[in-house]
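The structure appears below as structure tokens.
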Amino acid sequence: MNFEIDNVDLKFGSKDILSGIYLKAEEGKITGILGPNGSGKSSLLKIFFGSLQPQNKLIRINSKPVLKPLYTSGLVKYLPQHSLIPGNLKIKKAFDFYKIGWKEFLDHFPKFEKYASANMHQLSGGEKRVAEIYLSLKSPAKLLLMDEPFSHVAPLYLEQLTAIIRSEKSGKAIVMTDHMYRHITELADDLYLIKNGCSRKIQHLKELEEYHYLNPGTL
């Protein structure tokens, strides 16, 4: 299954944010989005999900146009930058709600066993993010949109999370942004750069320097 978003035009007032954007996400692949702060990466994910209405867009699934917001299809899961799970909800209740196995989670992250009876607000920001990433990855969604998933996540957990992401991509199309470009470049099968409102598919990492996203000699 593949998902395309095309001809995206977004303005806030008189300010152009996105202009003619195109992006394709394919099942079995991780699609990374890079771009300067304020370039519209988060807005693009919201448009793809259906929670932000731009001036223009076209979404296709397997080359067929989709007119309703994707979130109504049951095919998409969106992990925003802000917390996904209410702070007053017990972490185990969150796993029950999503129908995801708590014991399987502990096999990957045994240090969370101490939080079995805890509310989400009792976890650190990074710990909450680990749980939210895991719940999103294990959801039945075919398209997973992840906006800066690794923010505040301790290096201790990053290796485990990236391994799980790689194992889960076989049944999903995963799209992710991050302000730490190495997290994206190491994971992504396809890579897009958003700059000056336009999207460019990156074929070689050196192009990130050529398009002045990275300073010369960074790579």
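A note on labels: chains of the structure tokens are A, B, ... as shown, every chain counts residues from 1, and ligands are counted from 1 in their shown order.
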query = So which residues of range 35-91 of chain A fall under strand (DSSP E or B) by DSSP, listed as a PyMOL selection string?
reply = chain A and resi 56-61+64-66+76-79+90
May I have the residues from that selection written out with N, CA, C and O atoms, as a PDB file, in the first residue's frame?
ATOM      1  N   ASN A  56      -5.027  23.928  -0.759  1.00  0.00           N
ATOM      2  CA  ASN A  56      -5.105  22.928  -1.826  1.00  0.00           C
ATOM      3  C   ASN A  56      -4.337  21.683  -1.403  1.00  0.00           C
ATOM      4  O   ASN A  56      -3.299  21.782  -0.736  1.00  0.00           O
ATOM      5  N   LYS A  57      -4.842  20.526  -1.807  1.00  0.00           N
ATOM      6  CA  LYS A  57      -4.113  19.273  -1.580  1.00  0.00           C
ATOM      7  C   LYS A  57      -4.772  18.172  -2.406  1.00  0.00           C
ATOM      8  O   LYS A  57      -5.942  18.274  -2.797  1.00  0.00           O
ATOM      9  N   LEU A  58      -4.016  17.105  -2.651  1.00  0.00           N
ATOM     10  CA  LEU A  58      -4.552  15.898  -3.264  1.00  0.00           C
ATOM     11  C   LEU A  58      -3.893  14.722  -2.568  1.00  0.00           C
ATOM     12  O   LEU A  58      -2.656  14.642  -2.496  1.00  0.00           O
ATOM     13  N   ILE A  59      -4.711  13.819  -2.036  1.00  0.00           N
ATOM     14  CA  ILE A  59      -4.182  12.623  -1.374  1.00  0.00           C
ATOM     15  C   ILE A  59      -4.633  11.401  -2.159  1.00  0.00           C
ATOM     16  O   ILE A  59      -5.800  11.297  -2.565  1.00  0.00           O
ATOM     17  N   ARG A  60      -3.705  10.483  -2.371  1.00  0.00           N
ATOM     18  CA  ARG A  60      -4.009   9.248  -3.089  1.00  0.00           C
ATOM     19  C   ARG A  60      -3.547   8.046  -2.266  1.00  0.00           C
ATOM     20  O   ARG A  60      -2.484   8.091  -1.633  1.00  0.00           O
ATOM     21  N   ILE A  61      -4.337   6.993  -2.306  1.00  0.00           N
ATOM     22  CA  ILE A  61      -3.942   5.697  -1.754  1.00  0.00           C
ATOM     23  C   ILE A  61      -3.914   4.714  -2.913  1.00  0.00           C
ATOM     24  O   ILE A  61      -4.916   4.521  -3.608  1.00  0.00           O
ATOM     25  N   LYS A  64      -5.235   6.039  -6.131  1.00  0.00           N
ATOM     26  CA  LYS A  64      -6.631   6.464  -6.226  1.00  0.00           C
ATOM     27  C   LYS A  64      -6.883   7.657  -5.306  1.00  0.00           C
ATOM     28  O   LYS A  64      -6.542   7.604  -4.117  1.00  0.00           O
ATOM     29  N   PRO A  65      -7.484   8.742  -5.815  1.00  0.00           N
ATOM     30  CA  PRO A  65      -7.738   9.922  -4.981  1.00  0.00           C
ATOM     31  C   PRO A  65      -8.645   9.609  -3.794  1.00  0.00           C
ATOM     32  O   PRO A  65      -9.577   8.805  -3.899  1.00  0.00           O
ATOM     33  N   VAL A  66      -8.338  10.248  -2.673  1.00  0.00           N
ATOM     34  CA  VAL A  66      -9.125  10.107  -1.448  1.00  0.00           C
ATOM     35  C   VAL A  66      -9.681  11.482  -1.098  1.00  0.00           C
ATOM     36  O   VAL A  66      -8.916  12.438  -0.926  1.00  0.00           O
ATOM     37  N   VAL A  76      -4.657   5.378   9.340  1.00  0.00           N
ATOM     38  CA  VAL A  76      -3.555   6.265   9.706  1.00  0.00           C
ATOM     39  C   VAL A  76      -3.490   6.464  11.216  1.00  0.00           C
ATOM     40  O   VAL A  76      -4.508   6.510  11.903  1.00  0.00           O
ATOM     41  N   LYS A  77      -2.262   6.567  11.719  1.00  0.00           N
ATOM     42  CA  LYS A  77      -1.997   6.912  13.121  1.00  0.00           C
ATOM     43  C   LYS A  77      -1.037   8.092  13.119  1.00  0.00           C
ATOM     44  O   LYS A  77      -0.035   8.086  12.398  1.00  0.00           O
ATOM     45  N   TYR A  78      -1.361   9.103  13.933  1.00  0.00           N
ATOM     46  CA  TYR A  78      -0.561  10.329  13.975  1.00  0.00           C
ATOM     47  C   TYR A  78       0.010  10.520  15.378  1.00  0.00           C
ATOM     48  O   TYR A  78      -0.739  10.535  16.361  1.00  0.00           O
ATOM     49  N   LEU A  79       1.316  10.630  15.463  1.00  0.00           N
ATOM     50  CA  LEU A  79       1.998  10.918  16.721  1.00  0.00           C
ATOM     51  C   LEU A  79       2.476  12.362  16.666  1.00  0.00           C
ATOM     52  O   LEU A  79       3.471  12.669  16.009  1.00  0.00           O
ATOM     53  N   LYS A  90      -3.622   5.869  33.612  1.00  0.00           N
ATOM     54  CA  LYS A  90      -2.586   4.914  34.007  1.00  0.00           C
ATOM     55  C   LYS A  90      -1.970   4.302  32.758  1.00  0.00           C
ATOM     56  O   LYS A  90      -2.658   4.002  31.784  1.00  0.00           O
TER      57      LYS A  90
END
Proximity check range 12-97 of chain A to range 182-199 of chain A, 12 Å, nearest pairs one decimal Å, only C-alpha atoms, as CSV:
residue,atom,partner,partner_atom,distance
A:Lys15,CA,A:Gly197,CA,10.4
A:Asp16,CA,A:Gly197,CA,7.2
A:Ile17,CA,A:Gly197,CA,5.4
A:Leu18,CA,A:Gly197,CA,4.1
A:Ser19,CA,A:Gly197,CA,5.3
A:Gly20,CA,A:Cys198,CA,6.6
A:Ile21,CA,A:Ser199,CA,5.4
A:Tyr22,CA,A:Ser199,CA,6.4
A:Leu23,CA,A:Tyr192,CA,7.5
A:Lys24,CA,A:Asp190,CA,8.8
A:Ala25,CA,A:Asp190,CA,8.3
A:Glu26,CA,A:Asp190,CA,9.3
A:Glu27,CA,A:Asp189,CA,11.1
A:Gly28,CA,A:Asp189,CA,9.2
A:Lys29,CA,A:Asp189,CA,5.7
A:Ile30,CA,A:Ala188,CA,4.9
A:Thr31,CA,A:Asp190,CA,4.7
A:Gly32,CA,A:Leu191,CA,4.7
A:Ile33,CA,A:Tyr192,CA,4.9
A:Leu34,CA,A:Leu193,CA,4.8
A:Gly35,CA,A:Ile194,CA,4.9
A:Pro36,CA,A:Lys195,CA,7.0
A:Asn37,CA,A:Lys195,CA,9.8
A:Gly38,CA,A:Lys195,CA,9.5
A:Ser39,CA,A:Lys195,CA,6.1
A:Gly40,CA,A:Gly197,CA,7.3
A:Lys41,CA,A:Ile194,CA,7.2
A:Ser42,CA,A:Ile194,CA,11.0
A:Ser43,CA,A:Gly197,CA,11.2
A:Leu44,CA,A:Ile194,CA,9.8
task = Could you give me the residues within range 119-181 of chain A that DSSP places in helix (DSSP H, G or I), as a PyMOL selection string?
result = chain A and resi 120-122+125-137+155-171+181
task = Tell me, in Å to one decimal, how far CA of Leu208 in chain A is from CA of Phe48 in chain A.
result =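 Distance between the two atoms: 24.0 Å.
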inquiry  = Which residues are close to Lys142 in chain A, i.e. within 12 Å by only C-alpha atoms, leaving aside same-chain residues fewer than 2 positions away? Reply as JSON, numbers by chain.
reply    = {"A": [1, 2, 3, 25, 26, 27, 28, 29, 61, 70, 71, 73, 74, 75, 76, 77, 78, 136, 137, 138, 139, 140, 144, 145, 168, 169, 170, 171, 172, 173, 174, 175]}
Would you mind exporting the chosen residues as a short mmCIF file (atom, residue, chain, number, x, y, z; two decimals), in the first residue's frame, restricted to N, CA and C atoms?
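selection05.cif was written with the following content:
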data_model
loop_
_atom_site.label_atom_id
_atom_site.label_comp_id
_atom_site.auth_asym_id
_atom_site.auth_seq_id
_atom_site.Cartn_x
_atom_site.Cartn_y
_atom_site.Cartn_z
N MET A 1 0.85 -1.20 0.00
CA MET A 1 0.00 0.00 0.00
C MET A 1 0.88 1.25 0.00
N ASN A 2 0.56 2.21 -0.83
CA ASN A 2 1.31 3.46 -0.83
C ASN A 2 0.36 4.65 -0.71
N PHE A 3 0.90 5.72 -0.12
CA PHE A 3 0.14 6.93 0.16
C PHE A 3 0.90 8.11 -0.44
N ALA A 25 4.73 7.94 0.53
CA ALA A 25 5.09 7.01 1.60
C ALA A 25 4.64 5.62 1.18
N GLU A 26 5.55 4.65 1.25
CA GLU A 26 5.25 3.31 0.78
C GLU A 26 5.36 2.30 1.91
N GLU A 27 4.46 1.33 1.89
CA GLU A 27 4.52 0.25 2.87
C GLU A 27 5.87 -0.47 2.76
N GLY A 28 6.47 -0.71 3.91
CA GLY A 28 7.78 -1.34 3.93
C GLY A 28 8.93 -0.37 3.92
N LYS A 29 8.60 0.94 3.91
CA LYS A 29 9.64 1.96 3.88
C LYS A 29 9.42 3.02 4.96
N ILE A 61 -4.34 6.99 -2.31
CA ILE A 61 -3.94 5.70 -1.75
C ILE A 61 -3.91 4.71 -2.91
N LEU A 70 -7.96 11.48 5.94
CA LEU A 70 -7.43 10.14 6.16
C LEU A 70 -7.77 9.59 7.53
N TYR A 71 -7.90 10.47 8.54
CA TYR A 71 -8.17 9.96 9.89
C TYR A 71 -9.52 9.25 9.97
N SER A 73 -10.46 7.06 7.82
CA SER A 73 -10.30 5.78 7.12
C SER A 73 -9.90 4.63 8.03
N GLY A 74 -9.35 4.97 9.21
CA GLY A 74 -8.82 3.94 10.09
C GLY A 74 -7.47 3.41 9.66
N LEU A 75 -6.91 4.00 8.62
CA LEU A 75 -5.63 3.51 8.09
C LEU A 75 -4.42 4.25 8.65
N VAL A 76 -4.66 5.38 9.34
CA VAL A 76 -3.55 6.27 9.71
C VAL A 76 -3.49 6.46 11.22
N LYS A 77 -2.26 6.57 11.72
CA LYS A 77 -2.00 6.91 13.12
C LYS A 77 -1.04 8.09 13.12
N TYR A 78 -1.36 9.10 13.93
CA TYR A 78 -0.56 10.33 13.98
C TYR A 78 0.01 10.52 15.38
N SER A 136 2.14 3.59 19.12
CA SER A 136 1.87 3.99 17.73
C SER A 136 2.39 2.94 16.76
N LEU A 137 3.59 2.45 17.01
CA LEU A 137 4.19 1.47 16.11
C LEU A 137 3.42 0.15 16.09
N LYS A 138 2.87 -0.22 17.24
CA LYS A 138 2.17 -1.49 17.35
C LYS A 138 0.69 -1.39 16.96
N SER A 139 0.24 -0.21 16.60
CA SER A 139 -1.15 -0.04 16.18
C SER A 139 -1.35 -0.71 14.82
N PRO A 140 -2.61 -1.00 14.46
CA PRO A 140 -2.86 -1.65 13.17
C PRO A 140 -2.82 -0.70 11.98
N LEU A 144 1.79 5.55 9.33
CA LEU A 144 2.15 6.10 10.63
C LEU A 144 2.91 7.40 10.43
N LEU A 145 2.35 8.50 10.95
CA LEU A 145 2.95 9.83 10.84
C LEU A 145 3.52 10.20 12.19
N GLU A 168 8.95 -2.98 12.40
CA GLU A 168 7.53 -2.71 12.15
C GLU A 168 7.26 -2.16 10.75
N LYS A 169 8.28 -1.66 10.07
CA LYS A 169 8.04 -1.00 8.79
C LYS A 169 7.56 -1.97 7.71
N SER A 170 7.77 -3.28 7.90
CA SER A 170 7.36 -4.23 6.86
C SER A 170 5.86 -4.20 6.61
N GLY A 171 5.08 -3.81 7.61
CA GLY A 171 3.63 -3.77 7.42
C GLY A 171 3.05 -2.39 7.42
N LYS A 172 3.91 -1.37 7.36
CA LYS A 172 3.45 0.01 7.46
C LYS A 172 4.23 0.91 6.50
N ALA A 173 3.61 2.04 6.18
CA ALA A 173 4.34 3.16 5.58
C ALA A 173 4.57 4.15 6.72
N ILE A 174 5.83 4.41 7.04
CA ILE A 174 6.16 5.26 8.19
C ILE A 174 6.76 6.57 7.68
N VAL A 175 6.19 7.68 8.14
CA VAL A 175 6.72 9.01 7.81
C VAL A 175 7.14 9.67 9.11
#
Residues of range 55-102 of chain A at most 10 Å from range 107-123 of chain A: nearest atom pair and distance in Å, only C-alpha atoms, as CSV:
residue,atom,partner,partner_atom,distance
A:Ser83,CA,A:Met120,CA,9.8
A:Ile85,CA,A:Met120,CA,7.4
A:Pro86,CA,A:Met120,CA,7.0
A:Gly87,CA,A:His121,CA,4.4
A:Asn88,CA,A:Asn119,CA,5.5
A:Leu89,CA,A:Asn119,CA,5.3
A:Lys90,CA,A:Asn119,CA,3.9
A:Ile91,CA,A:Met120,CA,5.6
A:Lys92,CA,A:Ala116,CA,6.1
A:Lys93,CA,A:Asn119,CA,9.0
A:Ala94,CA,A:Met120,CA,8.8
A:Trp102,CA,A:Asp107,CA,8.8
ask   = Quick one: distance from CA of Leu10 in chain A to CA of Gln55 in chain A in Å, one decimal?
value =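 Atom-to-atom, CA of Leu10 in chain A and CA of Gln55 in chain A are spaced 5.5 Å apart.
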request  = For range 149-155 of chain A, list every protein, DNA or RNA residue within 9 Å, evaluated using only C-alpha atoms, and leave out those in the same chain fewer than 3 positions away; present the list as a PyMOL selection string.
outcome  = chain A and resi 79-81+124-130+132-133+146+158-159+176-180+183
ask   = What is the distance between CA of Tyr98 in chain A and CA of Glu4 in chain A, in Å to one decimal?
value =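 Taking CA of Tyr98 in chain A and CA of Glu4 in chain A, their separation equals 26.6 Å.
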